[in-house]
Number of protein chains: 2
Amino acid sequence: MSVYAEDGWRGGVRRMTARPANAHQARLLHLLRDQGPNSRAQLGDQVDLSRSKLAVEVDRLLETGLVVADGLAASRGGRRSHNIRLAPTLRFLGVDIGATSVDVAVTNAELEVLGHLTQPMDVREGPVAVFEQVLALAAKLKDSGLAEGFDGAGIGVPGPVRFPEGVPVAPPIMPGWDGFPVREALSQELGCPVMVDNDVNLMALGEQHAGVARTSQDFLCVKIGTGIGCGIVVGGAVYRGTTGSAGDIGHIQVEPDGRRCACGNAGCLEAYFGGAALARDAEDAAREGRSAALADRLAAAGALTASDVSVAASAGDATALELIKAGGTRTGQVIAGLVSFFNPGLVVIGGGVTGLGHTLLAAIRTQVYHQSLPLATGNLPIVLGELGPLAGVTGAARLISDHLFSPA
Amino acid sequence: MSVYAEDGWRGGVRRMTARPANAHQARLLHLLRDQGPNSRAQLGDQVDLSRSKLAVEVDRLLETGLVVADGLAASRGGRRSHNIRLAPTLRFLGVDIGATSVDVAVTNAELEVLGHLTQPMDVREGPVAVFEQVLALAAKLKDSGLAEGFDGAGIGVPGPVRFPEGVPVAPPIMPGWDGFPVREALSQELGCPVMVDNDVNLMALGEQHAGVARTSQDFLCVKIGTGIGCGIVVGGAVYRGTTGSAGDIGHIQVEPDGRRCACGNAGCLEAYFGGAALARDAEDAAREGRSAALADRLAAAGALTASDVSVAASAGDATALELIKAGGTRTGQVIAGLVSFFNPGLVVIGGGVTGLGHTLLAAIRTQVYHQSLPLATGNLPIVLGELGPLAGVTGAARLISDHLFSPA
């Protein structure tokens, strides 16, 4: 049980205690979430229900308080229909735990981000230390008046997750997290339902809900952060694989007998690119005198990050540009194979390293369009994500709302 | 319209003119297909219908003739229930067109192969010449008394297919087939409904229906024939990709700047392995004096095939064994990446080259278990297909039965 106040979380107030009673109610809640307030008449056009049965289901939802009346709708000729909407007091917490930072946001029932906080954090400190920071950020959002409490929370972690239980499994960059009951622990602390997923899957969900993948059913979302992972959406739903490790593309081999990787193998993509590899290569370049700009920054800061490479590249540093292009080409090599295999309708590139922007994107595109068969790339857009740091938290809110807006 | 007899196909008689009227009837037909004859009571346990509604749907199916009574069921205590089964006269035609051979089979409604014919054939002769052979084989099966006609036919072709229309698109090894209306043409000739799919997808469907993947929901089926392709099953259904080219793994790069491939790129898997590459490498080895066994066979036959390599390897020829191992390692390299990406529950290896058997399988397994992350391979079986040349034709019959056993 929680160590906090009686309602489960520092005085936070939960309102959403009901769940939809059947698939029709669930569908109505999803429509109201994704399309906003709407008239009964227009909702009726989208669900396969008679007018009288629709009225029954809407009335039941109004009784639960999940849905409220919202004024009269525009006339469609006959008697004017009432608009309904999701309860304006509903609040979801979206948490995106990365390798080196954490993002926390509060959304309304339509998953609009009302407030967003981010801070540096080292996931290797382990779940207890990380959750302390997450709870502090959530408290700050609440105290700012954006939420009186949270009705549910979605949590992303940078590693594979056994999805049904919400437990990380064998996460290579997260010592101390293996088997930790994230879902259960945070659910007790926050006093609300919690769902946990891999951070890359949540980025894909976010871009699908409110970003560049809004109209896509089958797409890939490649996240290039400290490491590299891929969210896979099939028929509109995230595909997680048999043991929750689908999309773990950072350890696909790009060079037989290549560079040693932290995973113990040789030639993995992550040995060549991602935030960690890029920083290391930049430091090597600085020390070897191949870039005055990077050497200056290294001397000033004592270490380099991907954003130092980005800054140097923007200033025209040839070595920095070369590093980004080489990394993009390696990433493109892997994506080209995935495109041949999966034949997606869209490839989204996201994550912190997208600060490298169009130089990176151009290198990836060049490689994919060169290497994959024309039939698979003919109408294939390869684009940057639209939501930036809000993709993960939006996806997290979507995850928990999908859960809560389904029959228990 | 057909140029043949009035009923559409050389006097063949179609019986299945009805389709299920709703999803309940469709579900009952699928259960009877996959589990065989059954009692009303036991079917009722598996469908979400009241006893009286079940009776209505079964009676309607009996009226259509799709389903017939089949004696009394074993007692469950009360009044004995009648067994029902699919009409024993229903016949499906399964056609598996490969690059160098064609398989044609007739099945009953439960998709058991009643008769099967195979013959060498060159897909490059184009659709007209190939269909002439297919129709001749189908006629032979009919004339043998196994079928009075066909109620539907499934057709597999060795290239990407625009599935909704049943039309091959840009098939690299099938000149003359691009855009050819296979579904429409064969439907007219055979006088029955036809569905067309990629041969590899049909192999996956076949192994799922009656082979090694019977209990798998998410698996990969890698077919190594003249070329190499991969069937992808997600949540029990074949995933075909945005333009029907999903699973086209023969052109994934295994060696940057490697061997030239027929597709115009360099370093593709198919440039290193598959029946065509193996035959070429074997001929090189024979000419360069690296294998007396292969040289003898080349001198005798004028050309080598994958099965020559298989025979030589079985007789202990070191070069032949080496060629198989090298090919398996290359294939394993690609599968390792797919396993990291897709996290399947099972990988099936099938196709003509599986005559190379356990040497090939061992090389593939070694590479995948070495190169993929342990979380993805922990419980991952990599096995040979069970159905051999019947996988494709069984999958073809399954494809058309899935179509006919669904509401129109």
# chains A, B, ... in the order shown; residues from 1 in each chain; ligands from 1

$ residues_around --residues "stretch 234-244 of chain B" --least-positions-apart "5" --cutoff "8 Å" --atoms "only C-alpha atoms" --output "list in words"
Asp218, Phe342, Asn343, Pro344, Gly345, Leu375 and Ala376 of chain A; Pro160, Val161, Arg162, Phe163, Asn201, Ala204, Leu205, Ser216, Gln217, Asp218 and Phe219 of chain B

$ residues_around --residues "stretch 310-325 of chain B" --least-positions-apart "6" --cutoff "9 Å" --atoms "only C-alpha atoms" --output "PyMOL selection string"
chain B and resi 273+278+281-282+285+290-294+297+353+355-357+359-364

$ write_last_selection --atoms "N, CA and C atoms" --output "mmCIF file, in the first residue's frame"
data_model
loop_
_atom_site.group_PDB
_atom_site.id
_atom_site.type_symbol
_atom_site.label_atom_id
_atom_site.label_comp_id
_atom_site.auth_asym_id
_atom_site.auth_seq_id
_atom_site.Cartn_x
_atom_site.Cartn_y
_atom_site.Cartn_z
ATOM 1 N N PHE B 273 23.243 -17.152 -51.683
ATOM 2 C CA PHE B 273 22.594 -18.427 -51.409
ATOM 3 C C PHE B 273 21.203 -18.476 -52.010
ATOM 4 N N LEU B 278 23.671 -21.411 -55.290
ATOM 5 C CA LEU B 278 24.360 -22.638 -54.884
ATOM 6 C C LEU B 278 24.806 -23.433 -56.113
ATOM 7 N N ASP B 281 27.803 -21.645 -57.619
ATOM 8 C CA ASP B 281 29.015 -21.854 -56.823
ATOM 9 C C ASP B 281 29.538 -23.275 -56.979
ATOM 10 N N ALA B 282 28.607 -24.233 -57.088
ATOM 11 C CA ALA B 282 29.015 -25.631 -57.243
ATOM 12 C C ALA B 282 29.710 -25.843 -58.588
ATOM 13 N N ALA B 285 33.157 -24.503 -58.316
ATOM 14 C CA ALA B 285 34.010 -25.420 -57.556
ATOM 15 C C ALA B 285 34.410 -26.617 -58.412
ATOM 16 N N ARG B 290 38.002 -28.133 -57.189
ATOM 17 C CA ARG B 290 37.915 -28.212 -55.741
ATOM 18 C C ARG B 290 37.047 -29.382 -55.272
ATOM 19 N N SER B 291 36.366 -30.037 -56.211
ATOM 20 C CA SER B 291 35.518 -31.173 -55.817
ATOM 21 C C SER B 291 35.406 -32.163 -56.964
ATOM 22 N N ALA B 292 35.973 -33.320 -56.759
ATOM 23 C CA ALA B 292 35.912 -34.352 -57.799
ATOM 24 C C ALA B 292 34.468 -34.816 -57.990
ATOM 25 N N ALA B 293 33.748 -34.952 -56.887
ATOM 26 C CA ALA B 293 32.367 -35.434 -56.963
ATOM 27 C C ALA B 293 31.515 -34.482 -57.807
ATOM 28 N N LEU B 294 31.641 -33.169 -57.529
ATOM 29 C CA LEU B 294 30.856 -32.192 -58.291
ATOM 30 C C LEU B 294 31.329 -32.149 -59.745
ATOM 31 N N ARG B 297 29.755 -35.006 -61.647
ATOM 32 C CA ARG B 297 28.338 -34.784 -61.938
ATOM 33 C C ARG B 297 28.162 -33.711 -63.019
ATOM 34 N N VAL B 353 15.489 -26.338 -51.171
ATOM 35 C CA VAL B 353 16.862 -26.476 -50.698
ATOM 36 C C VAL B 353 16.922 -27.144 -49.323
ATOM 37 N N GLY B 355 16.258 -29.951 -48.867
ATOM 38 C CA GLY B 355 16.886 -31.243 -49.125
ATOM 39 C C GLY B 355 18.308 -31.262 -48.576
ATOM 40 N N LEU B 356 18.899 -30.089 -48.394
ATOM 41 C CA LEU B 356 20.240 -29.997 -47.815
ATOM 42 C C LEU B 356 20.208 -30.346 -46.331
ATOM 43 N N GLY B 357 19.015 -30.320 -45.756
ATOM 44 C CA GLY B 357 18.754 -30.885 -44.449
ATOM 45 C C GLY B 357 19.518 -30.301 -43.287
ATOM 46 N N THR B 359 22.607 -30.188 -42.216
ATOM 47 C CA THR B 359 23.826 -29.371 -42.327
ATOM 48 C C THR B 359 23.426 -27.902 -42.459
ATOM 49 N N LEU B 360 22.457 -27.674 -43.331
ATOM 50 C CA LEU B 360 21.962 -26.307 -43.523
ATOM 51 C C LEU B 360 21.331 -25.769 -42.249
ATOM 52 N N LEU B 361 20.470 -26.567 -41.648
ATOM 53 C CA LEU B 361 19.764 -26.118 -40.451
ATOM 54 C C LEU B 361 20.751 -25.779 -39.321
ATOM 55 N N ALA B 362 21.771 -26.632 -39.178
ATOM 56 C CA ALA B 362 22.755 -26.398 -38.113
ATOM 57 C C ALA B 362 23.487 -25.079 -38.331
ATOM 58 N N ALA B 363 23.825 -24.783 -39.585
ATOM 59 C CA ALA B 363 24.543 -23.536 -39.870
ATOM 60 C C ALA B 363 23.650 -22.331 -39.579
ATOM 61 N N ILE B 364 22.383 -22.425 -39.956
ATOM 62 C CA ILE B 364 21.452 -21.318 -39.692
ATOM 63 C C ILE B 364 21.291 -21.116 -38.186
#

$ select_by_dssp --residues "stretch 308-351 of chain B" --states "strand (DSSP E or B)" --output "VMD selection string"
chain B and resid 346 to 350

$ write_last_selection --atoms "N, CA and C atoms" --output "mmCIF file, in the first residue's frame"
data_model
loop_
_atom_site.group_PDB
_atom_site.id
_atom_site.type_symbol
_atom_site.label_atom_id
_atom_site.label_comp_id
_atom_site.auth_asym_id
_atom_site.auth_seq_id
_atom_site.Cartn_x
_atom_site.Cartn_y
_atom_site.Cartn_z
ATOM 1 N N LEU B 346 8.590 -18.730 -33.461
ATOM 2 C CA LEU B 346 9.012 -19.923 -34.205
ATOM 3 C C LEU B 346 9.581 -19.461 -35.545
ATOM 4 N N VAL B 347 10.644 -20.128 -35.989
ATOM 5 C CA VAL B 347 11.148 -19.907 -37.346
ATOM 6 C C VAL B 347 11.119 -21.244 -38.072
ATOM 7 N N VAL B 348 10.407 -21.286 -39.198
ATOM 8 C CA VAL B 348 10.317 -22.500 -40.012
ATOM 9 C C VAL B 348 11.179 -22.316 -41.256
ATOM 10 N N ILE B 349 11.986 -23.319 -41.568
ATOM 11 C CA ILE B 349 12.791 -23.283 -42.794
ATOM 12 C C ILE B 349 12.204 -24.301 -43.767
ATOM 13 N N GLY B 350 11.848 -23.849 -44.964
ATOM 14 C CA GLY B 350 11.268 -24.756 -45.946
ATOM 15 C C GLY B 350 11.790 -24.470 -47.340
#

$ residues_around --residues "stretch 165-173 of chain A" --least-positions-apart "2" --cutoff "10 Å" --atoms "only C-alpha atoms" --output "number ranges by chain"
A: 99, 123-124, 155-163, 175-184, 194-198, 226-227, 243-245, 262-263; B: 373-375

$ select_by_dssp --residues "stretch 10-48 of chain B" --states "helix (DSSP H, G or I)" --output "CSV table (one decimal) with N, CA and C atoms, in the first residue's frame"
chain,number,residue,atom,x,y,z
B,23,ALA,N,-21.1,-14.0,-39.6
B,23,ALA,CA,-19.8,-14.4,-39.0
B,23,ALA,C,-20.0,-15.6,-38.2
B,24,HIS,N,-21.1,-15.9,-37.6
B,24,HIS,CA,-21.3,-17.2,-36.8
B,24,HIS,C,-21.2,-18.4,-37.8
B,25,GLN,N,-21.9,-18.3,-38.9
B,25,GLN,CA,-21.8,-19.4,-39.8
B,25,GLN,C,-20.3,-19.6,-40.3
B,26,ALA,N,-19.6,-18.5,-40.6
B,26,ALA,CA,-18.3,-18.5,-41.0
B,26,ALA,C,-17.4,-19.3,-39.9
B,27,ARG,N,-17.6,-18.9,-38.7
B,27,ARG,CA,-16.9,-19.5,-37.6
B,27,ARG,C,-17.1,-21.0,-37.5
B,28,LEU,N,-18.4,-21.4,-37.7
B,28,LEU,CA,-18.7,-22.8,-37.7
B,28,LEU,C,-18.0,-23.6,-38.9
B,29,LEU,N,-18.0,-23.0,-40.0
B,29,LEU,CA,-17.3,-23.6,-41.2
B,29,LEU,C,-15.9,-23.8,-40.9
B,30,HIS,N,-15.2,-22.7,-40.3
B,30,HIS,CA,-13.8,-22.8,-40.0
B,30,HIS,C,-13.5,-23.9,-39.0
B,31,LEU,N,-14.4,-24.0,-38.0
B,31,LEU,CA,-14.2,-25.1,-37.0
B,31,LEU,C,-14.3,-26.5,-37.6
B,32,LEU,N,-15.3,-26.6,-38.5
B,32,LEU,CA,-15.4,-27.9,-39.1
B,32,LEU,C,-14.3,-28.3,-40.0
B,33,ARG,N,-13.8,-27.2,-40.7
B,33,ARG,CA,-12.6,-27.4,-41.6
B,33,ARG,C,-11.4,-27.9,-40.8
B,34,ASP,N,-11.1,-27.1,-39.6
B,34,ASP,CA,-9.9,-27.3,-38.9
B,34,ASP,C,-9.9,-28.5,-37.9
B,35,GLN,N,-11.1,-28.8,-37.5
B,35,GLN,CA,-11.2,-29.9,-36.4
B,35,GLN,C,-12.0,-31.1,-36.9
B,40,ARG,N,-23.1,-31.0,-32.6
B,40,ARG,CA,-23.6,-29.6,-32.3
B,40,ARG,C,-23.2,-29.2,-30.9
B,41,ALA,N,-23.3,-30.1,-30.0
B,41,ALA,CA,-23.0,-29.7,-28.6
B,41,ALA,C,-21.6,-29.2,-28.5
B,42,GLN,N,-20.6,-29.9,-29.1
B,42,GLN,CA,-19.2,-29.5,-28.9
B,42,GLN,C,-18.9,-28.2,-29.7
B,43,LEU,N,-19.6,-28.1,-30.9
B,43,LEU,CA,-19.4,-26.8,-31.6
B,43,LEU,C,-20.0,-25.7,-30.7
B,44,GLY,N,-21.1,-25.9,-30.1
B,44,GLY,CA,-21.7,-24.9,-29.3
B,44,GLY,C,-20.8,-24.4,-28.1
B,45,ASP,N,-19.9,-25.4,-27.6
B,45,ASP,CA,-19.0,-25.0,-26.6
B,45,ASP,C,-18.0,-24.0,-27.1
B,46,GLN,N,-17.8,-23.9,-28.4
B,46,GLN,CA,-16.7,-23.1,-29.0
B,46,GLN,C,-17.1,-21.8,-29.6

$ closest_residue --among "A:Arg259, A:Lys223, A:Arg287, A:Arg398" --to "A:Gly275" --atoms "only C-alpha atoms"
A:Lys223

$ atom_distance --atom1 "atom CA of A:Leu186" --atom2 "atom CA of A:Ala408"
19.7 Å

$ residues_around --residues "B:Pro37" --least-positions-apart "3" --cutoff "8 Å" --atoms "only C-alpha atoms" --output "MDAnalysis selection string"
chainID B and resid 32 70 83:86

$ closest_residue --among "B:Leu93, B:Cys268, B:Ala109, B:Leu72" --to "chain A" --atoms "only C-alpha atoms"
B:Cys268

$ atom_distance --atom1 "atom CA of B:Leu202" --atom2 "atom CA of B:Tyr369"
26.9 Å

$ closest_residue --among "A:His403, A:His251, A:Arg60, A:His358" --to "chain B" --atoms "only C-alpha atoms"
A:His251

$ closest_residue --among "B:Asp308, B:Glu255, B:Asp96, B:Glu112" --to "chain A" --atoms "only C-alpha atoms"
B:Glu255

$ residues_around --residues "B:Arg19" --least-positions-apart "4" --cutoff "9 Å" --atoms "only C-alpha atoms" --output "ChimeraX atom specification"
/B:26,64,66,404-408

$ closest_residue --among "A:Ala271, A:Ala295, A:Cys230, A:Val393" --to "chain B" --atoms "only C-alpha atoms"
A:Cys230

$ atom_distance --atom1 "atom CA of B:Ala396" --atom2 "atom CA of B:Asp199"
8.5 Å

$ closest_residue --among "A:Ile252, A:Ala279, A:Ala397, A:Ala303" --to "chain B" --atoms "only C-alpha atoms"
A:Ile252
